[in-house]
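> I am sharing data09.txt, which consists of compact mmCIF, C-alpha atoms (C1' of nucleotides):
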```
# COMPACT_ATOMS: atom_id res chain seq x y z
CA MET A 1 13.52 52.50 -54.10
CA THR A 2 14.13 51.56 -57.68
CA ILE A 3 12.01 53.15 -60.34
CA GLU A 4 10.95 51.11 -63.30
CA GLN A 5 8.84 51.65 -66.37
CA ASP A 6 8.04 50.17 -69.69
CA THR A 7 6.21 52.08 -72.35
CA VAL A 8 6.87 55.61 -73.52
CA ARG A 9 3.88 56.68 -71.60
CA ASP A 10 5.04 55.07 -68.40
CA LEU A 11 8.45 56.56 -68.90
CA LEU A 12 7.08 60.07 -69.19
CA TRP A 13 4.70 59.47 -66.34
CA GLN A 14 7.54 58.46 -64.06
CA LEU A 15 9.95 61.13 -65.18
CA ALA A 16 7.47 63.93 -64.73
CA PHE A 17 6.19 62.65 -61.42
CA GLN A 18 9.63 62.18 -59.95
CA PHE A 19 10.66 65.58 -61.20
CA LYS A 20 7.65 67.13 -59.58
CA VAL A 21 8.19 65.39 -56.28
CA ARG A 22 11.88 66.22 -56.14
CA CYS A 23 11.47 69.84 -57.10
CA HIS A 24 8.70 70.34 -54.64
CA GLN A 25 10.70 68.74 -51.89
CA ALA A 26 13.80 70.75 -52.73
CA VAL A 27 11.81 73.97 -52.69
CA ARG A 28 10.31 73.12 -49.33
CA GLU A 29 13.65 72.15 -47.86
CA SER A 30 15.09 75.48 -48.82
CA GLY A 31 12.50 77.04 -46.56
CA LEU A 32 10.10 78.28 -49.20
CA ASP A 33 6.41 77.63 -48.94
CA LEU A 34 5.07 77.33 -52.46
CA GLY A 35 3.01 74.67 -54.18
CA GLY A 36 4.20 73.17 -57.41
CA MET A 37 1.63 74.89 -59.55
CA HIS A 38 2.25 78.21 -57.92
CA VAL A 39 5.93 77.94 -58.72
CA ARG A 40 5.13 77.07 -62.31
CA MET A 41 2.86 80.09 -62.69
CA LEU A 42 5.40 82.45 -61.20
CA GLN A 43 8.04 81.18 -63.57
CA VAL A 44 5.91 81.69 -66.61
CA ILE A 45 4.86 85.16 -65.52
CA ASP A 46 8.52 85.95 -65.00
CA GLU A 47 9.46 84.86 -68.50
CA GLU A 48 6.55 86.22 -70.46
CA PRO A 49 6.85 89.92 -71.27
CA GLN A 50 3.17 90.89 -70.97
CA CYS A 51 1.76 87.84 -69.31
CA THR A 52 -1.98 87.38 -69.01
CA ALA A 53 -4.04 84.62 -67.45
CA ASN A 54 -4.82 83.37 -70.90
CA ARG A 55 -1.14 83.08 -71.64
CA LEU A 56 -0.75 80.95 -68.54
CA CYS A 57 -3.42 78.63 -69.86
CA GLN A 58 -1.62 78.24 -73.15
CA ARG A 59 1.75 77.68 -71.59
CA SER A 60 0.54 75.24 -68.97
CA GLY A 61 -2.26 73.46 -70.80
CA ARG A 62 -4.36 73.82 -67.68
CA ASP A 63 -7.94 74.88 -67.30
CA LYS A 64 -8.94 78.54 -67.14
CA ALA A 65 -10.69 78.00 -63.86
CA GLN A 66 -7.61 76.57 -62.26
CA ILE A 67 -5.49 79.43 -63.50
CA THR A 68 -7.90 82.00 -62.13
CA ARG A 69 -7.67 80.46 -58.70
CA LEU A 70 -3.91 80.15 -58.75
CA VAL A 71 -3.48 83.77 -59.77
CA LYS A 72 -5.95 84.87 -57.15
CA GLU A 73 -3.95 83.13 -54.44
CA LEU A 74 -0.67 84.48 -55.71
CA GLU A 75 -2.12 87.94 -55.61
CA ARG A 76 -3.40 87.41 -52.09
CA GLN A 77 0.10 86.33 -51.09
CA GLY A 78 1.51 89.52 -52.51
CA LEU A 79 3.45 87.79 -55.25
CA VAL A 80 1.55 88.99 -58.29
CA LYS A 81 0.09 92.32 -59.27
CA ARG A 82 -2.63 92.74 -61.86
CA SER A 83 -3.10 95.76 -64.03
CA PRO A 84 -5.64 96.33 -66.76
CA HIS A 85 -4.49 95.31 -70.18
CA PRO A 86 -3.73 98.38 -72.33
CA THR A 87 -5.63 97.27 -75.41
CA ASP A 88 -7.98 94.51 -74.25
CA GLY A 89 -10.49 95.43 -71.60
CA ARG A 90 -11.30 91.81 -70.77
CA SER A 91 -7.75 91.00 -69.91
CA GLN A 92 -5.23 91.88 -67.24
CA VAL A 93 -1.48 92.04 -67.30
CA LEU A 94 0.23 90.01 -64.60
CA GLN A 95 3.47 91.09 -63.00
CA LEU A 96 5.69 89.71 -60.28
CA THR A 97 6.32 91.82 -57.21
CA GLY A 98 9.89 92.33 -56.10
CA ARG A 99 9.52 89.67 -53.46
CA ALA A 100 8.24 87.21 -56.03
CA LYS A 101 11.17 87.93 -58.30
CA ARG A 102 13.64 87.13 -55.57
CA LEU A 103 11.68 84.00 -54.79
CA VAL A 104 11.70 82.84 -58.39
CA GLY A 105 15.43 83.33 -58.48
CA ARG A 106 15.98 81.12 -55.47
CA VAL A 107 13.59 78.50 -56.74
CA ARG A 108 15.40 78.38 -60.03
CA GLU A 109 18.67 77.55 -58.35
CA VAL A 110 17.11 74.84 -56.26
CA GLU A 111 15.38 73.32 -59.24
CA GLN A 112 18.50 73.47 -61.34
CA ASP A 113 20.19 71.26 -58.80
CA VAL A 114 17.45 68.72 -59.31
CA GLU A 115 17.76 68.99 -63.05
CA ARG A 116 21.51 68.52 -62.85
CA GLN A 117 20.95 65.30 -61.00
CA TYR A 118 18.64 64.13 -63.75
CA VAL A 119 20.93 64.85 -66.66
CA GLU A 120 24.11 63.69 -64.96
CA GLY A 121 26.18 61.57 -67.29
CA LEU A 122 24.36 62.72 -70.40
CA SER A 123 26.32 64.42 -73.12
CA GLU A 124 25.23 67.78 -74.46
CA ARG A 125 24.23 66.13 -77.67
CA GLU A 126 22.26 63.39 -76.03
CA LEU A 127 20.32 65.86 -73.96
CA ALA A 128 19.72 68.11 -76.95
CA ALA A 129 18.42 65.15 -78.92
CA PHE A 130 16.11 64.19 -76.08
CA VAL A 131 14.65 67.66 -75.90
CA ALA A 132 14.31 67.88 -79.67
CA THR A 133 12.44 64.60 -79.84
CA GLY A 134 10.25 65.60 -76.94
CA ARG A 135 9.35 68.81 -78.70
CA LYS A 136 8.42 66.96 -81.82
CA MET A 137 6.06 64.83 -79.80
CA LEU A 138 4.52 67.90 -78.32
CA ASP A 139 4.10 69.38 -81.76
CA ASN A 140 2.41 66.21 -82.92
CA VAL A 141 -0.34 66.62 -80.42
CA SER A 142 -0.48 70.36 -80.47
CA GLU A 143 -3.53 71.43 -82.40
CA VAL A 144 -2.84 73.79 -85.24
CA ASP A 145 -5.53 76.42 -85.54
CA MET B 1 -4.31 75.27 -78.54
CA THR B 2 -0.57 75.40 -79.00
CA ILE B 3 1.51 73.79 -76.34
CA GLU B 4 4.78 75.36 -75.39
CA GLN B 5 7.56 74.78 -72.89
CA ASP B 6 11.11 75.70 -72.22
CA THR B 7 13.18 73.71 -69.77
CA VAL B 8 13.59 69.95 -69.63
CA ARG B 9 11.30 69.98 -66.69
CA ASP B 10 8.63 71.94 -68.51
CA LEU B 11 8.95 69.62 -71.45
CA LEU B 12 8.37 66.52 -69.35
CA TRP B 13 5.61 68.22 -67.46
CA GLN B 14 3.77 69.02 -70.65
CA LEU B 15 4.38 65.70 -72.33
CA ALA B 16 3.16 63.70 -69.38
CA PHE B 17 0.18 65.91 -68.76
CA GLN B 18 -0.97 65.88 -72.35
CA PHE B 19 -0.47 62.16 -72.51
CA LYS B 20 -2.57 61.70 -69.44
CA VAL B 21 -5.35 63.93 -70.67
CA ARG B 22 -5.47 62.33 -74.10
CA CYS B 23 -5.37 58.77 -72.84
CA HIS B 24 -8.03 59.43 -70.29
CA GLN B 25 -10.24 61.06 -72.88
CA ALA B 26 -9.69 58.24 -75.37
CA VAL B 27 -10.57 55.65 -72.75
CA ARG B 28 -13.74 57.49 -71.83
CA GLU B 29 -14.76 57.95 -75.43
CA SER B 30 -14.47 54.25 -76.01
CA GLY B 31 -17.17 53.80 -73.40
CA LEU B 32 -14.99 52.64 -70.51
CA ASP B 33 -15.34 54.14 -67.09
CA LEU B 34 -11.92 54.04 -65.49
CA GLY B 35 -9.77 56.70 -63.90
CA GLY B 36 -6.22 57.20 -65.03
CA MET B 37 -4.67 55.72 -61.92
CA HIS B 38 -6.96 52.75 -62.00
CA VAL B 39 -5.91 51.98 -65.55
CA ARG B 40 -2.27 52.25 -64.56
CA MET B 41 -2.71 49.84 -61.69
CA LEU B 42 -4.53 47.29 -63.80
CA GLN B 43 -1.78 47.42 -66.38
CA VAL B 44 0.96 46.80 -63.85
CA ILE B 45 -0.95 43.97 -62.22
CA ASP B 46 -1.40 42.47 -65.65
CA GLU B 47 2.31 42.60 -66.40
CA GLU B 48 3.74 41.58 -63.08
CA PRO B 49 3.72 37.85 -62.47
CA GLN B 50 2.99 37.82 -58.74
CA CYS B 51 1.96 41.39 -58.20
CA THR B 52 1.54 42.76 -54.71
CA ALA B 53 0.49 46.18 -53.49
CA ASN B 54 4.07 46.85 -52.61
CA ARG B 55 5.10 46.13 -56.16
CA LEU B 56 2.57 48.68 -57.32
CA CYS B 57 4.20 51.23 -55.08
CA GLN B 58 7.61 50.53 -56.54
CA ARG B 59 6.44 50.59 -60.11
CA SER B 60 4.37 53.72 -59.76
CA GLY B 61 6.36 55.67 -57.22
CA ARG B 62 3.11 56.45 -55.46
CA ASP B 63 2.30 56.36 -51.78
CA LYS B 64 1.23 53.15 -50.06
CA ALA B 65 -1.94 54.74 -48.86
CA GLN B 66 -2.98 55.73 -52.34
CA ILE B 67 -2.28 52.24 -53.63
CA THR B 68 -4.33 50.63 -50.91
CA ARG B 69 -7.31 52.76 -51.81
CA LEU B 70 -6.97 52.16 -55.53
CA VAL B 71 -6.76 48.40 -55.06
CA LYS B 72 -9.70 48.45 -52.72
CA GLU B 73 -11.83 50.19 -55.32
CA LEU B 74 -10.69 47.88 -58.07
CA GLU B 75 -11.65 44.94 -55.92
CA ARG B 76 -15.02 46.47 -55.20
CA GLN B 77 -15.55 46.88 -58.93
CA GLY B 78 -14.79 43.23 -59.45
CA LEU B 79 -11.61 43.87 -61.39
CA VAL B 80 -9.04 42.56 -58.97
CA LYS B 81 -8.90 39.54 -56.70
CA ARG B 82 -6.66 39.25 -53.69
CA SER B 83 -5.25 36.05 -52.34
CA PRO B 84 -2.88 35.55 -49.44
CA HIS B 85 0.76 35.55 -50.40
CA PRO B 86 2.21 32.03 -50.26
CA THR B 87 5.33 32.90 -48.31
CA ASP B 88 4.68 36.31 -46.75
CA GLY B 89 1.77 36.56 -44.42
CA ARG B 90 1.68 40.35 -44.52
CA SER B 91 1.27 40.47 -48.22
CA GLN B 92 -1.39 39.59 -50.76
CA VAL B 93 -1.14 38.55 -54.37
CA LEU B 94 -3.20 40.63 -56.77
CA GLN B 95 -4.79 39.17 -59.86
CA LEU B 96 -7.00 40.51 -62.61
CA THR B 97 -10.40 38.98 -63.11
CA GLY B 98 -11.40 37.87 -66.60
CA ARG B 99 -13.40 41.02 -67.08
CA ALA B 100 -10.44 43.16 -66.09
CA LYS B 101 -8.20 41.33 -68.54
CA ARG B 102 -10.55 42.06 -71.39
CA LEU B 103 -10.74 45.65 -70.24
CA VAL B 104 -6.99 46.03 -70.12
CA GLY B 105 -6.80 44.69 -73.65
CA ARG B 106 -9.20 47.28 -74.96
CA VAL B 107 -7.54 50.06 -73.06
CA ARG B 108 -4.20 49.10 -74.51
CA GLU B 109 -5.48 49.48 -78.03
CA VAL B 110 -7.00 52.83 -77.32
CA GLU B 111 -3.87 54.08 -75.64
CA GLN B 112 -1.69 52.80 -78.41
CA ASP B 113 -3.58 55.01 -80.80
CA VAL B 114 -2.68 57.96 -78.65
CA GLU B 115 0.91 56.89 -78.48
CA ARG B 116 1.04 56.49 -82.25
CA GLN B 117 -0.06 60.08 -82.59
CA TYR B 118 2.75 61.14 -80.31
CA VAL B 119 5.52 59.33 -82.09
CA GLU B 120 4.31 60.08 -85.58
CA GLY B 121 7.16 61.11 -87.81
CA LEU B 122 9.84 59.79 -85.47
CA SER B 123 12.20 57.14 -86.71
CA GLU B 124 12.67 53.93 -84.78
CA ARG B 125 16.13 55.05 -83.86
CA GLU B 126 15.03 58.46 -82.69
CA LEU B 127 12.38 56.98 -80.49
CA ALA B 128 14.72 54.35 -79.12
CA ALA B 129 17.25 57.03 -78.28
CA PHE B 130 14.57 59.07 -76.54
CA VAL B 131 13.52 56.15 -74.39
CA ALA B 132 17.12 55.22 -73.64
CA THR B 133 17.93 58.74 -72.49
CA GLY B 134 14.76 58.91 -70.45
CA ARG B 135 15.67 55.69 -68.73
CA LYS B 136 19.09 57.01 -67.90
CA MET B 137 17.49 59.99 -66.25
CA LEU B 138 15.25 57.75 -64.25
CA ASP B 139 18.24 55.69 -63.19
CA ASN B 140 20.01 58.84 -62.11
CA VAL B 141 17.34 59.62 -59.58
CA SER B 142 16.53 56.07 -58.68
CA GLU B 143 17.91 55.28 -55.29
CA VAL B 144 20.15 52.26 -55.23
CA ASP B 145 19.68 50.22 -52.13
C1' DA C 1 13.66 31.66 -27.60
C1' DA C 2 12.81 36.37 -26.54
C1' DT C 3 13.38 40.97 -28.04
C1' DT C 4 14.03 44.47 -31.16
C1' DT C 5 13.60 46.38 -35.78
C1' DA C 6 11.94 46.53 -40.40
C1' DT C 7 8.29 45.73 -43.77
C1' DA C 8 3.33 45.21 -46.00
C1' DG C 9 -0.72 47.01 -45.73
C1' DT C 10 -4.66 49.83 -43.69
C1' DT C 11 -7.10 53.99 -42.21
C1' DG C 12 -8.19 58.88 -41.48
C1' DA C 13 -7.43 63.54 -42.20
C1' DT C 14 -6.19 66.90 -45.27
C1' DA C 15 -4.07 69.30 -49.25
C1' DT C 16 -3.43 69.88 -54.00
C1' DT C 17 -4.69 69.54 -58.57
C1' DG C 18 -8.00 68.84 -62.31
C1' DT C 19 -12.75 69.00 -64.65
C1' DC C 20 -17.18 70.68 -65.88
C1' DT C 21 -20.76 74.00 -66.20
C1' DA C 22 -22.60 78.31 -66.10
C1' DC C 23 -21.89 83.02 -66.03
C1' DT C 24 -20.20 88.26 -67.05
C1' DA C 25 -18.16 91.62 -69.74
C1' DA C 26 -15.51 93.13 -73.41
C1' DA C 27 -14.05 92.31 -78.36
C1' DC C 28 -15.03 91.37 -82.91
C1' DA C 29 -17.50 90.28 -87.28
C1' DG C 30 -21.26 91.02 -90.16
C1' DC D 1 -26.95 97.14 -84.00
C1' DT D 2 -26.81 92.09 -83.53
C1' DG D 3 -24.83 87.81 -82.97
C1' DT D 4 -20.57 85.32 -81.95
C1' DT D 5 -16.24 84.65 -79.90
C1' DT D 6 -12.95 85.40 -76.22
C1' DA D 7 -10.86 86.50 -71.28
C1' DG D 8 -11.76 85.75 -67.01
C1' DT D 9 -14.65 84.32 -62.70
C1' DA D 10 -17.21 81.29 -59.59
C1' DG D 11 -19.16 76.93 -57.72
C1' DA D 12 -19.39 72.21 -57.27
C1' DC D 13 -17.10 68.33 -57.42
C1' DA D 14 -13.76 64.48 -58.67
C1' DA D 15 -9.17 62.70 -58.80
C1' DT D 16 -4.74 62.51 -56.96
C1' DA D 17 -1.27 63.20 -53.43
C1' DT D 18 0.64 63.59 -48.63
C1' DC D 19 1.32 62.61 -43.88
C1' DA D 20 0.94 60.35 -39.61
C1' DA D 21 -0.65 56.73 -36.80
C1' DC D 22 -1.63 51.98 -36.44
C1' DT D 23 -1.79 46.44 -37.01
C1' DA D 24 0.23 42.27 -38.15
C1' DT D 25 3.86 39.65 -39.81
C1' DA D 26 8.79 38.92 -40.99
C1' DA D 27 13.51 39.23 -40.26
C1' DA D 28 17.45 40.31 -37.57
C1' DT D 29 19.89 40.49 -33.07
C1' DT D 30 21.41 39.01 -28.97
```
Let me see the file written as structure tokens.

Amino acid sequence: MTIEQDTVRDLLWQLAFQFKVRCHQAVRESGLDLGGMHVRMLQVIDEEPQCTANRLCQRSGRDKAQITRLVKELERQGLVKRSPHPTDGRSQVLQLTGRAKRLVGRVREVEQDVERQYVEGLSERELAAFVATGRKMLDNVSEVD
Amino acid sequence: MTIEQDTVRDLLWQLAFQFKVRCHQAVRESGLDLGGMHVRMLQVIDEEPQCTANRLCQRSGRDKAQITRLVKELERQGLVKRSPHPTDGRSQVLQLTGRAKRLVGRVREVEQDVERQYVEGLSERELAAFVATGRKMLDNVSEVD
DNA sequence: AATTTATAGTTGATATTGTCTACTAAACAG
DNA sequence: CTGTTTAGTAGACAATATCAACTATAAATT
């Protein structure tokens, strides 16, 4: 199948969708059973030093309610532990279990293969420019408080 | 809220999601009652000379089943007409009704406002480069038959 | 021409993701 | 102490996506 697009919006729509589909498929094929959102959450928790649910909202742009449910499932699957936040009693610190860390590692490799396929034939500079422009766009619509 | 990301994948994920949310909101606020996918379909039908459901699949990358349902609803809402394809008996030609055409026009304006916000501060050349790079990526993962 | 194989579209079941509202409890500001 | 904001939870529901089975036609094969 040949993918086509025309506006910036369509372009992004296609790129993101195809990325999602391919990553999800690659993850499944490597024998792991994780939904796309679950993977995303695990990755953020892995990166963020003292990750909280609220942090996940900020990083993902998704609704609080959705985050709550995702975290709940991840906890049920033994991938995330919650501990009370040291200074904020409303909040909880999220941490990956050892199993989850190994999982995230494997997922990263699989997803990097997908990403390599995407950026094949692009120079370092071209890719850097693409990312820089994309970030500017994100900044444009990111509300400053 | 401040939007953040880190890999190419995260960047695209955020850009597309925010775009979707903002466009959908803008469309709603202008008094129109159309889901995101429905809008997308109408736009493609509007652009494609002899659009068929299959064409919608190719252009959107979405599943046949989903397309069928979307078209069915659009027809029910009096936005799309189907007529038998002149040369292929399995296929049907999709066409916008007058009402749908007017709708698409209004939606375009609303969405262009959103897009303008995105690309604010970007030079023509920067934007062109972004789109060109994005298209290359899409080509990279587009299966050649 | 008859037979196989591929394609366009449909349907049903189900899973995943997203949205909205209302709520609790802790934090914070005055 | 009081009112307001913030972090997270829960329920109901809508939108989107996935998968498999099926029909009818088209196209290819022999």
> Enter the distance from CA of Met137 in chain B to CA of Arg22 in chain B, in Å, rounded to one decimal.
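According to the coordinates, CA of Met137 in chain B and CA of Arg22 in chain B are separated by 24.4 Å.
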> Using all atoms listed in the file, determine which residues lie at most 10 Å from Ala53 in chain A, disregarding the query and same-chain residues fewer than 3 positions distant; provide the list as a list of chain:residue names.
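That gives A:Met41, A:Ile45, A:Leu56, A:Cys57, A:Gln58, A:Arg59, A:Lys64, A:Ile67, A:Thr68, A:Leu70, A:Val71, A:Arg82, A:Ser91, A:Gln92, A:Val93, A:Leu94, D:DA7, D:DG8.
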> Measure the distance from CA of Thr7 in chain A to CA of Val27 in chain B in Å and round it to one decimal.
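Taking CA of Thr7 in chain A as the start and CA of Val27 in chain B as the end point, the length is 17.2 Å.
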> Produce the least-squares-superposed copy of chain A, fitted on chain B over all in-order C-alpha pairs, as a CSV table (one decimal) with C-alpha atoms, in the frame of the given file.

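Written output follows (selection01.csv):
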```csv
chain,number,residue,atom,x,y,z
A,1,MET,CA,-4.3,75.4,-78.8
A,2,THR,CA,-0.6,75.4,-79.2
A,3,ILE,CA,1.6,73.8,-76.5
A,4,GLU,CA,4.8,75.4,-75.6
A,5,GLN,CA,7.6,74.7,-73.1
A,6,ASP,CA,11.1,75.6,-72.3
A,7,THR,CA,13.2,73.7,-69.9
A,8,VAL,CA,13.5,69.9,-69.6
A,9,ARG,CA,11.3,70.0,-66.7
A,10,ASP,CA,8.6,71.9,-68.5
A,11,LEU,CA,8.9,69.6,-71.5
A,12,LEU,CA,8.3,66.5,-69.3
A,13,TRP,CA,5.6,68.3,-67.5
A,14,GLN,CA,3.7,69.0,-70.7
A,15,LEU,CA,4.4,65.7,-72.3
A,16,ALA,CA,3.1,63.7,-69.4
A,17,PHE,CA,0.1,65.9,-68.7
A,18,GLN,CA,-1.0,65.9,-72.3
A,19,PHE,CA,-0.5,62.1,-72.5
A,20,LYS,CA,-2.6,61.7,-69.4
A,21,VAL,CA,-5.4,63.9,-70.6
A,22,ARG,CA,-5.5,62.3,-74.1
A,23,CYS,CA,-5.4,58.7,-72.8
A,24,HIS,CA,-8.0,59.4,-70.3
A,25,GLN,CA,-10.2,61.0,-72.8
A,26,ALA,CA,-9.7,58.2,-75.3
A,27,VAL,CA,-10.6,55.6,-72.7
A,28,ARG,CA,-13.7,57.5,-71.8
A,29,GLU,CA,-14.8,57.9,-75.4
A,30,SER,CA,-14.5,54.2,-76.0
A,31,GLY,CA,-17.2,53.8,-73.4
A,32,LEU,CA,-15.0,52.7,-70.5
A,33,ASP,CA,-15.3,54.2,-67.1
A,34,LEU,CA,-11.9,54.0,-65.5
A,35,GLY,CA,-9.8,56.7,-63.9
A,36,GLY,CA,-6.2,57.2,-65.0
A,37,MET,CA,-4.7,55.7,-61.9
A,38,HIS,CA,-7.0,52.7,-62.0
A,39,VAL,CA,-5.9,52.0,-65.5
A,40,ARG,CA,-2.3,52.2,-64.5
A,41,MET,CA,-2.7,49.8,-61.7
A,42,LEU,CA,-4.6,47.3,-63.8
A,43,GLN,CA,-1.8,47.4,-66.4
A,44,VAL,CA,0.9,46.8,-63.9
A,45,ILE,CA,-1.0,44.0,-62.2
A,46,ASP,CA,-1.5,42.5,-65.7
A,47,GLU,CA,2.2,42.6,-66.4
A,48,GLU,CA,3.7,41.5,-63.1
A,49,PRO,CA,3.6,37.8,-62.5
A,50,GLN,CA,2.9,37.8,-58.8
A,51,CYS,CA,1.9,41.3,-58.2
A,52,THR,CA,1.5,42.7,-54.7
A,53,ALA,CA,0.5,46.1,-53.5
A,54,ASN,CA,4.1,46.8,-52.6
A,55,ARG,CA,5.1,46.1,-56.2
A,56,LEU,CA,2.6,48.6,-57.4
A,57,CYS,CA,4.2,51.2,-55.1
A,58,GLN,CA,7.6,50.5,-56.6
A,59,ARG,CA,6.4,50.5,-60.2
A,60,SER,CA,4.3,53.7,-59.8
A,61,GLY,CA,6.4,55.6,-57.2
A,62,ARG,CA,3.1,56.4,-55.5
A,63,ASP,CA,2.3,56.3,-51.8
A,64,LYS,CA,1.3,53.1,-50.1
A,65,ALA,CA,-1.9,54.7,-48.8
A,66,GLN,CA,-2.9,55.7,-52.3
A,67,ILE,CA,-2.3,52.2,-53.6
A,68,THR,CA,-4.3,50.6,-50.9
A,69,ARG,CA,-7.3,52.7,-51.8
A,70,LEU,CA,-6.9,52.1,-55.5
A,71,VAL,CA,-6.7,48.4,-55.0
A,72,LYS,CA,-9.7,48.5,-52.7
A,73,GLU,CA,-11.8,50.2,-55.3
A,74,LEU,CA,-10.7,47.9,-58.0
A,75,GLU,CA,-11.7,45.0,-55.9
A,76,ARG,CA,-15.0,46.5,-55.1
A,77,GLN,CA,-15.6,46.9,-58.9
A,78,GLY,CA,-14.8,43.3,-59.4
A,79,LEU,CA,-11.7,43.9,-61.4
A,80,VAL,CA,-9.1,42.6,-59.0
A,81,LYS,CA,-9.0,39.5,-56.7
A,82,ARG,CA,-6.7,39.2,-53.7
A,83,SER,CA,-5.3,36.0,-52.4
A,84,PRO,CA,-2.9,35.5,-49.5
A,85,HIS,CA,0.7,35.5,-50.5
A,86,PRO,CA,2.2,32.0,-50.3
A,87,THR,CA,5.3,32.8,-48.4
A,88,ASP,CA,4.7,36.2,-46.8
A,89,GLY,CA,1.8,36.5,-44.5
A,90,ARG,CA,1.7,40.3,-44.6
A,91,SER,CA,1.3,40.4,-48.3
A,92,GLN,CA,-1.4,39.5,-50.8
A,93,VAL,CA,-1.2,38.5,-54.4
A,94,LEU,CA,-3.2,40.6,-56.8
A,95,GLN,CA,-4.9,39.2,-59.9
A,96,LEU,CA,-7.1,40.5,-62.6
A,97,THR,CA,-10.5,39.0,-63.1
A,98,GLY,CA,-11.5,37.9,-66.6
A,99,ARG,CA,-13.5,41.1,-67.1
A,100,ALA,CA,-10.5,43.2,-66.1
A,101,LYS,CA,-8.3,41.4,-68.5
A,102,ARG,CA,-10.6,42.1,-71.4
A,103,LEU,CA,-10.8,45.7,-70.2
A,104,VAL,CA,-7.0,46.1,-70.1
A,105,GLY,CA,-6.8,44.7,-73.6
A,106,ARG,CA,-9.2,47.3,-74.9
A,107,VAL,CA,-7.6,50.1,-73.0
A,108,ARG,CA,-4.2,49.1,-74.5
A,109,GLU,CA,-5.5,49.5,-78.0
A,110,VAL,CA,-7.0,52.8,-77.3
A,111,GLU,CA,-3.9,54.1,-75.6
A,112,GLN,CA,-1.7,52.8,-78.4
A,113,ASP,CA,-3.6,55.0,-80.8
A,114,VAL,CA,-2.6,58.0,-78.6
A,115,GLU,CA,1.0,56.9,-78.5
A,116,ARG,CA,1.1,56.5,-82.2
A,117,GLN,CA,0.0,60.1,-82.6
A,118,TYR,CA,2.8,61.1,-80.3
A,119,VAL,CA,5.6,59.3,-82.0
A,120,GLU,CA,4.4,60.0,-85.6
A,121,GLY,CA,7.2,61.1,-87.8
A,122,LEU,CA,9.9,59.8,-85.4
A,123,SER,CA,12.3,57.2,-86.7
A,124,GLU,CA,12.7,53.9,-84.8
A,125,ARG,CA,16.2,55.1,-83.8
A,126,GLU,CA,15.1,58.5,-82.7
A,127,LEU,CA,12.4,57.0,-80.5
A,128,ALA,CA,14.8,54.4,-79.1
A,129,ALA,CA,17.3,57.1,-78.3
A,130,PHE,CA,14.6,59.1,-76.5
A,131,VAL,CA,13.6,56.2,-74.4
A,132,ALA,CA,17.2,55.3,-73.6
A,133,THR,CA,18.0,58.8,-72.5
A,134,GLY,CA,14.8,59.0,-70.4
A,135,ARG,CA,15.7,55.7,-68.7
A,136,LYS,CA,19.1,57.1,-67.9
A,137,MET,CA,17.5,60.1,-66.2
A,138,LEU,CA,15.3,57.8,-64.2
A,139,ASP,CA,18.3,55.8,-63.1
A,140,ASN,CA,20.1,59.0,-62.1
A,141,VAL,CA,17.4,59.7,-59.6
A,142,SER,CA,16.6,56.2,-58.6
A,143,GLU,CA,18.0,55.5,-55.2
A,144,VAL,CA,20.3,52.5,-55.1
A,145,ASP,CA,19.9,50.5,-51.9
```
> Specify as a short mmCIF file (atom, residue, chain, number, x, y, z; two decimals) with C-alpha atoms (C1' of nucleotides), keeping the file's coordinate frame all residues of chain C found within 9 Å of chain A, counting all atoms listed in the file.

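So out-v3.cif came out as:
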```cif
data_model
loop_
_atom_site.label_atom_id
_atom_site.label_comp_id
_atom_site.auth_asym_id
_atom_site.auth_seq_id
_atom_site.Cartn_x
_atom_site.Cartn_y
_atom_site.Cartn_z
"C1'" DT C 16 -3.43 69.88 -54.00
"C1'" DT C 17 -4.69 69.54 -58.57
"C1'" DG C 18 -8.00 68.84 -62.31
"C1'" DT C 19 -12.75 69.00 -64.65
"C1'" DA C 25 -18.16 91.62 -69.74
"C1'" DA C 26 -15.51 93.13 -73.41
"C1'" DA C 27 -14.05 92.31 -78.36
#
```
> Would you work out the distance separating CA of Lys136 in chain B from CA of Val119 in chain A, expressed in Å to one decimal?
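So the answer is 8.1 Å.
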> Return the neighbours of chain A among the residues of chain B, cut-off 9 Å, counting all atoms listed in the file, as a PyMOL selection string.
chain B and resi 1-5+7-20+40+58-61+115+117-122+126-127+129-131+133-145
> Show me, as a VMD selection string, every residue of chain D with an atom at most 10 Å from chain B, counting all atoms listed in the file.
chain D and resid 15 to 19 24 to 26
> Would you export the selected residues with C-alpha atoms (C1' of nucleotides) as a compact mmCIF listing (two decimals), keeping the file's coordinate frame, please?

```
# COMPACT_ATOMS: atom_id res chain seq x y z
C1' DA D 15 -9.17 62.70 -58.80
C1' DT D 16 -4.74 62.51 -56.96
C1' DA D 17 -1.27 63.20 -53.43
C1' DT D 18 0.64 63.59 -48.63
C1' DC D 19 1.32 62.61 -43.88
C1' DA D 24 0.23 42.27 -38.15
C1' DT D 25 3.86 39.65 -39.81
C1' DA D 26 8.79 38.92 -40.99
```
> What's the 12 Å shell around DT4 in chain D, counting all atoms listed in the file, without same-chain residues fewer than 5 positions away, as a list of chain:residue names?
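Selected residues are C:DA27, C:DC28, C:DA29, C:DG30.
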> Select, counting only C-alpha atoms (C1' of nucleotides), all protein, DNA and RNA residues no farther than 9 Å from (7.8, 91.8, -58.3) in file coordinates, and express the selection as a PyMOL selection string.
chain A and resi 46+78-81+95-102
> Put those residues in a file: C-alpha atoms, as a short mmCIF file (atom, residue, chain, number, x, y, z; two decimals), in the frame of the given file.

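That gives us selection_17.cif:
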```
data_model
loop_
_atom_site.label_atom_id
_atom_site.label_comp_id
_atom_site.auth_asym_id
_atom_site.auth_seq_id
_atom_site.Cartn_x
_atom_site.Cartn_y
_atom_site.Cartn_z
CA ASP A 46 8.52 85.95 -65.00
CA GLY A 78 1.51 89.52 -52.51
CA LEU A 79 3.45 87.79 -55.25
CA VAL A 80 1.55 88.99 -58.29
CA LYS A 81 0.09 92.32 -59.27
CA GLN A 95 3.47 91.09 -63.00
CA LEU A 96 5.69 89.71 -60.28
CA THR A 97 6.32 91.82 -57.21
CA GLY A 98 9.89 92.33 -56.10
CA ARG A 99 9.52 89.67 -53.46
CA ALA A 100 8.24 87.21 -56.03
CA LYS A 101 11.17 87.93 -58.30
CA ARG A 102 13.64 87.13 -55.57
#
```
